[in-house]
$ cat target.cif   # mmCIF, C-alpha atoms
data_upload
loop_
_atom_site.label_atom_id
_atom_site.label_comp_id
_atom_site.auth_asym_id
_atom_site.auth_seq_id
_atom_site.Cartn_x
_atom_site.Cartn_y
_atom_site.Cartn_z
CA MET X 1 -18.08 22.28 -7.97
CA SER X 2 -15.68 24.71 -6.30
CA THR X 3 -12.50 25.38 -8.26
CA GLU X 4 -10.44 24.60 -5.17
CA ILE X 5 -12.06 21.19 -4.75
CA ASP X 6 -11.75 20.59 -8.45
CA SER X 7 -8.02 21.25 -8.45
CA TYR X 8 -7.55 19.18 -5.25
CA ILE X 9 -9.25 16.20 -6.92
CA SER X 10 -7.17 16.69 -10.09
CA SER X 11 -4.00 16.76 -8.04
CA LEU X 12 -5.02 13.59 -6.17
CA ARG X 13 -5.91 11.89 -9.47
CA ARG X 14 -2.40 12.54 -10.78
CA LYS X 15 -0.83 11.14 -7.62
CA LEU X 16 -3.00 8.02 -7.76
CA PHE X 17 -1.99 7.12 -11.33
CA VAL X 18 -0.40 3.91 -10.06
CA LEU X 19 -3.76 2.48 -8.95
CA ASN X 20 -6.13 0.54 -11.17
CA GLY X 21 -8.50 2.84 -13.04
CA LYS X 22 -11.61 1.50 -11.31
CA LYS X 23 -10.11 1.81 -7.83
CA ARG X 24 -8.83 5.31 -8.61
CA ARG X 25 -12.23 6.51 -9.82
CA ASP X 26 -13.90 5.04 -6.75
CA VAL X 27 -11.42 6.68 -4.36
CA LEU X 28 -11.73 10.04 -6.08
CA MET X 29 -15.52 9.85 -5.99
CA GLU X 30 -15.44 9.20 -2.25
CA VAL X 31 -13.01 12.03 -1.55
CA LYS X 32 -15.08 14.40 -3.68
CA SER X 33 -18.27 13.31 -1.94
CA HIS X 34 -16.65 13.98 1.45
CA LEU X 35 -15.42 17.44 0.47
CA LEU X 36 -18.75 18.43 -1.06
CA GLU X 37 -20.61 17.25 2.02
CA SER X 38 -18.26 19.20 4.28
CA VAL X 39 -18.91 22.32 2.23
CA ALA X 40 -22.66 21.66 2.25
CA ALA X 41 -22.40 21.41 6.06
CA GLY X 42 -20.98 24.93 6.21
CA GLU X 43 -17.21 24.62 5.85
CA THR X 44 -15.32 26.64 3.28
CA PRO X 45 -13.75 24.61 0.45
CA GLY X 46 -10.30 25.68 1.67
CA LYS X 47 -10.98 24.48 5.22
CA ALA X 48 -12.48 21.19 3.98
CA ILE X 49 -9.39 20.56 1.87
CA GLU X 50 -7.05 21.47 4.71
CA SER X 51 -8.88 19.09 7.06
CA PHE X 52 -8.59 16.31 4.51
CA GLY X 53 -4.83 16.64 4.27
CA PRO X 54 -2.17 17.09 1.57
CA THR X 55 -2.79 15.05 -1.60
CA ALA X 56 0.70 13.51 -1.40
CA SER X 57 0.11 11.88 1.98
CA VAL X 58 -3.49 10.91 1.16
CA ALA X 59 -2.34 9.25 -2.09
CA LYS X 60 0.50 7.49 -0.27
CA ASP X 61 -1.96 5.97 2.21
CA TYR X 62 -4.23 4.69 -0.56
CA VAL X 63 -1.31 3.19 -2.49
CA ARG X 64 -0.19 1.50 0.70
CA VAL X 65 -3.62 -0.10 0.99
CA TYR X 66 -4.10 -1.18 -2.62
CA GLY X 67 -0.58 -1.47 -4.00
CA TYR X 68 0.12 -0.81 -7.66
CA GLY X 69 -2.58 -1.58 -10.19
CA TRP X 70 -2.00 -4.00 -13.07
CA ASN X 71 -1.49 -1.25 -15.63
CA PHE X 72 1.42 0.24 -13.72
CA VAL X 73 2.82 -3.17 -12.80
CA ALA X 74 2.80 -4.06 -16.52
CA VAL X 75 4.92 -0.96 -17.24
CA LEU X 76 7.35 -1.96 -14.48
CA MET X 77 7.50 -5.51 -15.84
CA VAL X 78 8.48 -4.19 -19.27
CA ILE X 79 11.19 -2.00 -17.71
CA GLY X 80 12.38 -4.93 -15.57
CA ALA X 81 12.47 -7.20 -18.62
CA GLY X 82 14.37 -4.55 -20.60
CA ILE X 83 17.03 -4.23 -17.93
CA SER X 84 17.23 -8.00 -17.60
CA VAL X 85 18.24 -8.43 -21.25
CA LEU X 86 21.46 -6.66 -20.28
CA THR X 87 22.01 -8.88 -17.25
CA VAL X 88 22.77 -12.00 -19.30
CA PRO X 89 26.56 -12.48 -19.12
CA ALA X 90 27.01 -14.16 -22.49
CA ALA X 91 30.78 -13.66 -22.65
CA TYR X 92 31.22 -14.84 -19.06
CA LEU X 93 29.13 -17.98 -19.61
CA GLN X 94 31.25 -18.75 -22.63
CA ASN X 95 34.40 -18.35 -20.60
CA PRO X 96 33.92 -18.27 -16.76
CA GLU X 97 37.62 -17.54 -16.27
CA ASP X 98 37.11 -14.09 -17.74
CA ALA X 99 35.61 -12.55 -14.58
CA ALA X 100 35.77 -9.04 -16.01
CA ALA X 101 33.17 -10.09 -18.59
CA SER X 102 30.58 -10.41 -15.83
CA TRP X 103 30.92 -6.89 -14.39
CA GLY X 104 28.66 -5.09 -16.86
CA PRO X 105 25.83 -7.65 -16.57
CA LEU X 106 26.30 -7.65 -12.78
CA ILE X 107 25.70 -3.89 -12.64
CA PHE X 108 22.50 -4.34 -14.64
CA LEU X 109 21.54 -7.28 -12.42
CA LEU X 110 21.94 -4.99 -9.40
CA MET X 111 19.72 -2.39 -11.10
CA SER X 112 17.16 -5.10 -11.78
CA VAL X 113 17.20 -6.19 -8.13
CA LEU X 114 16.78 -2.58 -6.97
CA LEU X 115 13.79 -2.16 -9.29
CA ILE X 116 12.24 -5.37 -7.94
CA ILE X 117 12.76 -4.30 -4.32
CA ALA X 118 11.39 -0.81 -4.97
CA SER X 119 8.35 -2.24 -6.77
CA SER X 120 7.70 -4.60 -3.91
CA LEU X 121 8.11 -2.01 -1.17
CA LYS X 122 6.02 0.65 -2.88
CA GLY X 123 3.56 -1.42 -4.87
CA GLY X 124 3.07 -4.55 -2.79
CA ARG X 125 3.83 -8.24 -3.11
CA MET X 126 2.03 -8.71 -6.43
CA ALA X 127 4.11 -5.93 -8.01
CA GLY X 128 7.41 -7.24 -6.63
CA VAL X 129 6.81 -10.85 -7.65
CA SER X 130 5.53 -9.81 -11.10
CA VAL X 131 8.53 -7.62 -11.87
CA GLY X 132 10.86 -10.31 -10.48
CA SER X 133 9.17 -12.98 -12.60
CA ALA X 134 9.39 -10.83 -15.73
CA ALA X 135 13.10 -10.30 -15.11
CA CYS X 136 13.65 -14.02 -14.44
CA ALA X 137 11.74 -15.15 -17.54
CA THR X 138 13.54 -12.60 -19.72
CA ARG X 139 16.93 -13.87 -18.60
CA PHE X 140 15.99 -17.45 -19.56
CA VAL X 141 14.54 -16.36 -22.90
CA VAL X 142 17.66 -14.34 -23.75
CA LEU X 143 19.88 -17.20 -22.66
CA GLY X 144 17.83 -19.56 -24.82
CA ILE X 145 18.22 -17.26 -27.82
CA PHE X 146 21.99 -17.05 -27.28
CA ALA X 147 22.21 -20.83 -26.92
CA ALA X 148 20.09 -21.47 -30.01
CA SER X 149 22.17 -19.09 -32.08
CA GLY X 150 25.37 -20.71 -30.91
CA THR X 151 26.64 -17.56 -29.17
CA ILE X 152 26.86 -19.52 -25.91
CA THR X 153 28.09 -23.10 -25.98
CA LEU X 154 28.93 -23.59 -22.29
CA ASP X 155 32.24 -25.02 -23.38
CA GLY X 156 33.77 -23.36 -20.35
CA GLY X 157 31.81 -25.59 -17.94
CA MET X 158 28.54 -25.57 -16.06
CA GLU X 159 29.42 -23.47 -13.00
CA GLY X 160 28.57 -20.19 -14.70
CA ALA X 161 25.27 -21.62 -15.94
CA ILE X 162 24.35 -22.87 -12.46
CA GLY X 163 25.03 -19.41 -11.00
CA PHE X 164 22.95 -17.87 -13.77
CA VAL X 165 19.98 -20.13 -13.08
CA ALA X 166 20.21 -19.58 -9.32
CA ALA X 167 20.41 -15.79 -9.69
CA SER X 168 17.45 -15.81 -12.09
CA LEU X 169 15.25 -17.86 -9.79
CA LEU X 170 16.10 -15.58 -6.89
CA LEU X 171 14.57 -12.54 -8.61
CA PRO X 172 10.86 -13.36 -8.02
CA LEU X 173 11.78 -14.55 -4.53
CA ILE X 174 13.40 -11.18 -3.79
CA GLY X 175 10.14 -9.52 -4.92
CA TYR X 176 8.20 -11.74 -2.56
CA LEU X 177 10.50 -11.29 0.42
CA ALA X 178 10.89 -7.51 0.06
CA SER X 179 7.15 -7.02 0.45
CA SER X 180 7.30 -8.51 3.93
CA VAL X 181 9.28 -5.51 5.18
CA ARG X 182 6.82 -3.11 3.54
CA PRO X 183 5.46 -0.54 6.05
CA SER X 184 2.92 -2.46 8.08
CA GLU X 185 -0.27 -3.07 6.19
CA ASN X 186 -1.97 -3.73 9.47
CA GLN X 187 -1.64 -0.20 10.75
CA ALA X 188 -4.24 2.44 10.29
CA ASP X 189 -2.44 5.63 9.31
CA ILE X 190 -3.69 7.96 11.96
CA MET O 1 1.64 19.70 23.64
CA ALA O 2 5.26 18.53 23.81
CA LYS O 3 6.62 16.63 20.80
CA ALA O 4 7.09 13.44 22.83
CA THR O 5 3.49 13.65 24.03
CA VAL O 6 2.22 14.08 20.47
CA GLU O 7 4.21 11.01 19.39
CA TRP O 8 2.87 8.96 22.30
CA ALA O 9 -0.68 10.00 21.55
CA ALA O 10 -0.27 9.13 17.84
CA GLU O 11 1.18 5.74 18.74
CA LEU O 12 -1.66 4.92 21.12
CA LYS O 13 -4.29 6.15 18.67
CA ARG O 14 -2.76 4.07 15.89
CA GLY O 15 -3.04 0.95 18.00
CA SER O 16 -6.67 1.48 18.89
CA MET O 17 -8.10 3.10 15.76
CA GLN O 18 -9.07 -0.05 13.89
CA LEU O 19 -10.82 -1.37 16.96
CA CYS O 20 -12.75 1.91 17.33
CA LEU O 21 -13.76 1.86 13.66
CA LEU O 22 -14.98 -1.72 13.84
CA SER O 23 -16.82 -0.97 17.06
CA LEU O 24 -18.57 2.06 15.57
CA LEU O 25 -19.58 0.17 12.46
CA ASN O 26 -20.87 -2.72 14.53
CA GLN O 27 -23.74 -0.37 15.43
CA GLY O 28 -24.86 -0.13 11.81
CA SER O 29 -23.75 1.14 8.42
CA LYS O 30 -22.19 4.60 8.36
CA TYR O 31 -20.46 6.92 5.91
CA GLY O 32 -17.10 8.64 6.32
CA LEU O 33 -18.09 12.07 7.59
CA GLN O 34 -20.53 10.47 10.01
CA ILE O 35 -17.81 8.19 11.37
CA ILE O 36 -15.44 11.13 11.83
CA ASN O 37 -18.04 13.16 13.71
CA GLU O 38 -19.15 10.27 15.92
CA LEU O 39 -15.58 9.29 16.69
CA ARG O 40 -14.74 12.87 17.61
CA GLY O 41 -17.88 13.26 19.73
CA MET O 42 -17.68 9.93 21.57
CA SER O 43 -13.99 10.30 22.36
CA GLY O 44 -14.38 13.85 23.62
CA GLY O 45 -12.12 15.05 20.81
CA PHE O 46 -9.31 12.56 21.46
CA PHE O 47 -9.82 10.90 18.07
CA ASP O 48 -9.80 14.09 16.03
CA LEU O 49 -8.63 12.51 12.78
CA LYS O 50 -7.05 14.13 9.83
CA GLU O 51 -9.95 13.30 7.57
CA GLY O 52 -7.82 11.99 4.72
CA THR O 53 -6.45 9.27 6.98
CA LEU O 54 -9.83 7.77 7.82
CA TYR O 55 -10.76 6.65 4.33
CA PRO O 56 -7.61 4.62 3.62
CA ALA O 57 -8.06 3.03 7.06
CA LEU O 58 -11.63 2.05 6.12
CA ARG O 59 -10.44 0.73 2.75
CA ARG O 60 -7.80 -1.34 4.51
CA LEU O 61 -10.44 -2.93 6.73
CA GLU O 62 -12.57 -3.54 3.64
CA GLU O 63 -9.64 -5.18 1.83
CA LYS O 64 -9.25 -7.53 4.77
CA GLY O 65 -12.90 -8.49 4.49
CA TYR O 66 -13.97 -6.95 7.80
CA LEU O 67 -16.17 -4.33 6.13
CA LYS O 68 -18.10 -3.98 2.93
CA SER O 69 -19.33 -0.83 1.32
CA GLU O 70 -21.86 0.44 -1.16
CA TRP O 71 -22.69 3.73 -2.82
CA VAL O 72 -26.05 5.27 -2.02
CA GLU O 73 -27.48 7.94 -4.32
CA ARG O 74 -29.16 10.88 -2.61
CA GLU O 75 -31.53 13.64 -3.57
CA SER O 76 -28.87 16.26 -2.87
CA GLY O 77 -26.89 14.79 -5.77
CA ILE O 78 -23.91 13.98 -3.52
CA PRO O 79 -23.68 10.18 -3.24
CA ARG O 80 -22.45 8.58 -0.04
CA ARG O 81 -20.37 5.48 0.38
CA TYR O 82 -21.68 3.50 3.35
CA TYR O 83 -19.52 1.00 5.20
CA LYS O 84 -20.90 -1.91 7.17
CA MET O 85 -19.56 -4.86 9.11
CA THR O 86 -19.23 -8.34 7.71
CA GLU O 87 -19.49 -11.54 9.74
CA LYS O 88 -15.71 -11.82 9.57
CA GLY O 89 -15.45 -8.28 10.94
CA ARG O 90 -17.75 -9.13 13.84
CA GLY O 91 -15.62 -12.12 14.74
CA VAL O 92 -12.45 -10.04 14.62
CA LEU O 93 -14.07 -7.30 16.71
CA ALA O 94 -15.06 -9.81 19.40
CA GLU O 95 -11.54 -11.22 19.57
CA ALA O 96 -9.88 -7.81 19.43
CA THR O 97 -12.14 -6.45 22.17
CA GLY O 98 -11.13 -9.33 24.41
CA ILE O 99 -7.45 -8.63 23.76
CA TRP O 100 -8.02 -4.91 24.33
CA ASN O 101 -9.72 -5.49 27.70
CA GLU O 102 -6.90 -7.76 28.78
CA MET O 103 -4.31 -5.23 27.65
CA VAL O 104 -5.99 -2.33 29.46
CA LYS O 105 -6.25 -4.38 32.66
CA SER O 106 -2.65 -5.54 32.48
CA THR O 107 -1.32 -2.09 31.61
CA GLU O 108 -3.30 -0.54 34.44
CA ASN O 109 -1.80 -3.07 36.87
CA VAL O 110 1.71 -2.17 35.73
CA LEU O 111 1.01 1.57 35.88
CA ARG O 112 -0.52 1.23 39.33
CA SER O 113 2.58 -0.59 40.61
CA GLY O 114 4.71 2.18 39.12
CA ARG O 115 2.79 4.84 41.03
CA LYS O 116 3.39 3.22 44.41
#
$ encode --input "target.cif" --output "structure tokens"
Amino acid sequence: MSTEIDSYISSLRRKLFVLNGKKRRDVLMEVKSHLLESVAAGETPGKAIESFGPTASVAKDYVRVYGYGWNFVAVLMVIGAGISVLTVPAAYLQNPEDAAASWGPLIFLLMSVLLIIASSLKGGRMAGVSVGSAACATRFVVLGIFAASGTITLDGGMEGAIGFVAASLLLPLIGYLASSVRPSENQADI
Amino acid sequence: MAKATVEWAAELKRGSMQLCLLSLLNQGSKYGLQIINELRGMSGGFFDLKEGTLYPALRRLEEKGYLKSEWVERESGIPRRYYKMTEKGRGVLAEATGIWNEMVKSTENVLRSGRK
């Protein structure tokens, strides 16, 4: 195979790392087949590559079609869960009158929401809902651990806890809703 | 070509590309390079696609269940991925063609009135 085609395929492979392995291999095989056929039909490798387009935009189009693969979504879920540990406002739940105690967790909650929205917009509905669900579940697990260890007693009342539950349940919903404003999946990218 | 003209052309092509792809594949199974060449030839060069945009468009139609594809090994050693229509794709093509005809007729009526 031509070195130029080889390096084009390698570059595309790197940019498609977010896809499932099977899908990625299949896409790369098709692109390679196209380039080799173009060369066999008389084009130079350079011209065939130029006609195919820059790897960045080609990869972007494929990711838009398939969304993120499970491997990459799993990584995002772990990151989302990690951030979510820091979103549990233990001190605030203990004492809702201490509003300042909620600022730190709120900043992390905002980061978590941004991650969910970005996952949904770039990786599709499945990615957004999965990352949102991981974040939601983590918040409940951490809250449960705090409650079991006696760190949180909810002596300060239920209003903080209700807000916590509502915010947690909103996270997967945000992932779901954000995907609906994803660049149209009905458009061919011509 | 002026920038505005290029944008208009891209917009119009975008709207009609899926219909053209389905219509081409309704004639039988085809592979990517063949589709590009036929599209270019039949449209007199109007649909001169950036080749890397065709394949994601085909994959999108496949994801929707309008097409299916299979790899075919060849003596040359370069395998080809052939795309062909599904029953669902044929149904969509029939409906979309009807909408297209109606749109062309209606648009032409409006354009004609604008020329008076």
$ atom_distance --input "target.cif" --atom1 "atom CA of X:Arg182" --atom2 "atom CA of X:Tyr66"
12.7 Å
$ resolve_selection --input "target.cif" --expression "the PyMOL selection byres ((chain X and resi 88-94) around 12)" --output "number ranges by chain"
X: 81-87, 95-109, 112, 135-147, 149-165, 167-168
$ resolve_selection --input "target.cif" --expression "the PyMOL selection byres ((chain O) within 7 of (chain X))" --output "mmCIF file with C-alpha atoms, in the coordinates of the input"
data_model
loop_
_atom_site.group_PDB
_atom_site.id
_atom_site.type_symbol
_atom_site.label_atom_id
_atom_site.label_comp_id
_atom_site.auth_asym_id
_atom_site.auth_seq_id
_atom_site.Cartn_x
_atom_site.Cartn_y
_atom_site.Cartn_z
ATOM 1 C CA ALA O 10 -0.270 9.130 17.840
ATOM 2 C CA LYS O 13 -4.290 6.150 18.670
ATOM 3 C CA ARG O 14 -2.760 4.070 15.890
ATOM 4 C CA MET O 17 -8.100 3.100 15.760
ATOM 5 C CA GLN O 18 -9.070 -0.050 13.890
ATOM 6 C CA LEU O 33 -18.090 12.070 7.590
ATOM 7 C CA LEU O 49 -8.630 12.510 12.780
ATOM 8 C CA LYS O 50 -7.050 14.130 9.830
ATOM 9 C CA GLU O 51 -9.950 13.300 7.570
ATOM 10 C CA GLY O 52 -7.820 11.990 4.720
ATOM 11 C CA THR O 53 -6.450 9.270 6.980
ATOM 12 C CA PRO O 56 -7.610 4.620 3.620
ATOM 13 C CA ALA O 57 -8.060 3.030 7.060
ATOM 14 C CA ARG O 60 -7.800 -1.340 4.510
ATOM 15 C CA ILE O 78 -23.910 13.980 -3.520
ATOM 16 C CA PRO O 79 -23.680 10.180 -3.240
ATOM 17 C CA ARG O 80 -22.450 8.580 -0.040
ATOM 18 C CA ARG O 81 -20.370 5.480 0.380
#
$ residues_around --input "target.cif" --residues "X:Arg13" --least-positions-apart "5" --cutoff "9 Å" --atoms "only C-alpha atoms" --output "ChimeraX atom specification"
/X:8,24-25,28,59
$ atom_distance --input "target.cif" --atom1 "atom CA of O:Gly45" --atom2 "atom CA of O:Leu12"
14.6 Å
$ atom_distance --input "target.cif" --atom1 "atom CA of O:Asn101" --atom2 "atom CA of O:Ile35"
22.8 Å
$ resolve_selection --input "target.cif" --expression "the PyMOL selection byres ((chain O and resi 87) around 12)" --output "PyMOL selection string"
chain O and resi 22+26+65-68+84-86+88-94
$ residues_around --input "target.cif" --residues "X:Tyr176" --least-positions-apart "5" --cutoff "8 Å" --atoms "only C-alpha atoms" --output "PDB file with C-alpha atoms, in the coordinates of the input"
ATOM      1  CA  SER X 120       7.700  -4.600  -3.910  1.00  0.00           C
ATOM      2  CA  ARG X 125       3.830  -8.240  -3.110  1.00  0.00           C
ATOM      3  CA  MET X 126       2.030  -8.710  -6.430  1.00  0.00           C
ATOM      4  CA  GLY X 128       7.410  -7.240  -6.630  1.00  0.00           C
ATOM      5  CA  VAL X 129       6.810 -10.850  -7.650  1.00  0.00           C
TER       6      VAL X 129
END
$ residues_near_point --input "target.cif" --point "(6.9, -12.4, -9.3)" --cutoff "8 Å" --atoms "only C-alpha atoms" --output "count of residues only"
14
$ residues_near_point --input "target.cif" --point "(-26.8, 1.4, -2.5)" --cutoff "9 Å" --atoms "only C-alpha atoms" --output "list of chain:residue names"
O:Ser69, O:Glu70, O:Trp71, O:Val72, O:Glu73, O:Arg80, O:Arg81, O:Tyr82
$ write_last_selection --input "target.cif" --atoms "C-alpha atoms" --output "PDB file, in the frame of the given file"
ATOM      1  CA  SER O  69     -19.330  -0.830   1.320  1.00  0.00           C
ATOM      2  CA  GLU O  70     -21.860   0.440  -1.160  1.00  0.00           C
ATOM      3  CA  TRP O  71     -22.690   3.730  -2.820  1.00  0.00           C
ATOM      4  CA  VAL O  72     -26.050   5.270  -2.020  1.00  0.00           C
ATOM      5  CA  GLU O  73     -27.480   7.940  -4.320  1.00  0.00           C
ATOM      6  CA  ARG O  80     -22.450   8.580  -0.040  1.00  0.00           C
ATOM      7  CA  ARG O  81     -20.370   5.480   0.380  1.00  0.00           C
ATOM      8  CA  TYR O  82     -21.680   3.500   3.350  1.00  0.00           C
TER       9      TYR O  82
END
$ closest_residue --input "target.cif" --among "O:Leu111, O:Ala2, O:Ile36, O:Met103" --to "O:Leu21" --atoms "all atoms listed in the file"
O:Ile36
$ axis_aligned_box --input "target.cif" --around "stretch 56-66 of chain O" --padding-each-side "8 Å" --output "AutoDock Vina command-line options"
--center_x -10.8 --center_y -1.9 --center_z 4.8 --size_x 22.4 --size_y 29.1 --size_z 22.0
$ build_atoms --input "target.cif" --residues "stretch 72-98 of chain O" --atoms "N, CA and C atoms" --output "mmCIF file, in the coordinates of the input"
data_model
loop_
_atom_site.group_PDB
_atom_site.id
_atom_site.type_symbol
_atom_site.label_atom_id
_atom_site.label_comp_id
_atom_site.auth_asym_id
_atom_site.auth_seq_id
_atom_site.Cartn_x
_atom_site.Cartn_y
_atom_site.Cartn_z
ATOM 1 N N VAL O 72 -24.624 4.972 -2.105
ATOM 2 C CA VAL O 72 -26.050 5.270 -2.020
ATOM 3 C C VAL O 72 -26.289 6.643 -2.645
ATOM 4 N N GLU O 73 -27.142 6.667 -3.661
ATOM 5 C CA GLU O 73 -27.480 7.940 -4.320
ATOM 6 C C GLU O 73 -28.424 8.727 -3.421
ATOM 7 N N ARG O 74 -28.307 10.044 -3.456
ATOM 8 C CA ARG O 74 -29.160 10.880 -2.610
ATOM 9 C C ARG O 74 -29.774 12.014 -3.423
ATOM 10 N N GLU O 75 -30.833 12.557 -2.858
ATOM 11 C CA GLU O 75 -31.530 13.640 -3.570
ATOM 12 C C GLU O 75 -30.642 14.864 -3.753
ATOM 13 N N SER O 76 -29.743 15.075 -2.792
ATOM 14 C CA SER O 76 -28.870 16.260 -2.870
ATOM 15 C C SER O 76 -27.918 16.169 -4.073
ATOM 16 N N GLY O 77 -27.792 14.968 -4.630
ATOM 17 C CA GLY O 77 -26.890 14.790 -5.770
ATOM 18 C C GLY O 77 -25.494 14.366 -5.336
ATOM 19 N N ILE O 78 -25.226 14.427 -4.018
ATOM 20 C CA ILE O 78 -23.910 13.980 -3.520
ATOM 21 C C ILE O 78 -24.062 12.556 -3.003
ATOM 22 N N PRO O 79 -23.520 11.567 -3.726
ATOM 23 C CA PRO O 79 -23.680 10.180 -3.240
ATOM 24 C C PRO O 79 -22.824 9.924 -2.006
ATOM 25 N N ARG O 80 -23.240 8.947 -1.232
ATOM 26 C CA ARG O 80 -22.450 8.580 -0.040
ATOM 27 C C ARG O 80 -22.033 7.119 -0.154
ATOM 28 N N ARG O 81 -20.829 6.871 0.343
ATOM 29 C CA ARG O 81 -20.370 5.480 0.380
ATOM 30 C C ARG O 81 -20.538 4.995 1.821
ATOM 31 N N TYR O 82 -21.418 4.038 2.008
ATOM 32 C CA TYR O 82 -21.680 3.500 3.350
ATOM 33 C C TYR O 82 -20.850 2.243 3.593
ATOM 34 N N TYR O 83 -20.297 2.180 4.790
ATOM 35 C CA TYR O 83 -19.520 1.000 5.200
ATOM 36 C C TYR O 83 -20.322 0.222 6.235
ATOM 37 N N LYS O 84 -20.274 -1.101 6.113
ATOM 38 C CA LYS O 84 -20.900 -1.910 7.170
ATOM 39 C C LYS O 84 -20.084 -3.163 7.457
ATOM 40 N N MET O 85 -20.341 -3.706 8.650
ATOM 41 C CA MET O 85 -19.560 -4.860 9.110
ATOM 42 C C MET O 85 -19.930 -6.128 8.360
ATOM 43 N N THR O 86 -18.956 -6.999 8.231
ATOM 44 C CA THR O 86 -19.230 -8.340 7.710
ATOM 45 C C THR O 86 -19.188 -9.304 8.912
ATOM 46 N N GLU O 87 -19.562 -10.535 8.669
ATOM 47 C CA GLU O 87 -19.490 -11.540 9.740
ATOM 48 C C GLU O 87 -18.042 -11.712 10.203
ATOM 49 N N LYS O 88 -17.142 -11.687 9.237
ATOM 50 C CA LYS O 88 -15.710 -11.820 9.570
ATOM 51 C C LYS O 88 -15.285 -10.659 10.467
ATOM 52 N N GLY O 89 -15.774 -9.462 10.149
ATOM 53 C CA GLY O 89 -15.450 -8.280 10.940
ATOM 54 C C GLY O 89 -15.961 -8.409 12.364
ATOM 55 N N ARG O 90 -17.178 -8.960 12.493
ATOM 56 C CA ARG O 90 -17.750 -9.130 13.840
ATOM 57 C C ARG O 90 -16.910 -10.090 14.671
ATOM 58 N N GLY O 91 -16.464 -11.154 14.032
ATOM 59 C CA GLY O 91 -15.620 -12.120 14.740
ATOM 60 C C GLY O 91 -14.315 -11.489 15.189
ATOM 61 N N VAL O 92 -13.720 -10.707 14.299
ATOM 62 C CA VAL O 92 -12.450 -10.040 14.620
ATOM 63 C C VAL O 92 -12.660 -9.025 15.739
ATOM 64 N N LEU O 93 -13.783 -8.305 15.678
ATOM 65 C CA LEU O 93 -14.070 -7.300 16.710
ATOM 66 C C LEU O 93 -14.184 -7.968 18.082
ATOM 67 N N ALA O 94 -14.883 -9.113 18.115
ATOM 68 C CA ALA O 94 -15.060 -9.810 19.400
ATOM 69 C C ALA O 94 -13.698 -10.226 19.965
ATOM 70 N N GLU O 95 -12.866 -10.783 19.104
ATOM 71 C CA GLU O 95 -11.540 -11.220 19.570
ATOM 72 C C GLU O 95 -10.689 -10.025 19.984
ATOM 73 N N ALA O 96 -10.720 -8.978 19.152
ATOM 74 C CA ALA O 96 -9.880 -7.810 19.430
ATOM 75 C C ALA O 96 -10.329 -7.087 20.700
ATOM 76 N N THR O 97 -11.640 -7.094 20.951
ATOM 77 C CA THR O 97 -12.140 -6.450 22.170
ATOM 78 C C THR O 97 -11.640 -7.200 23.408
ATOM 79 N N GLY O 98 -11.636 -8.519 23.301
ATOM 80 C CA GLY O 98 -11.130 -9.330 24.410
ATOM 81 C C GLY O 98 -9.659 -9.021 24.687
#
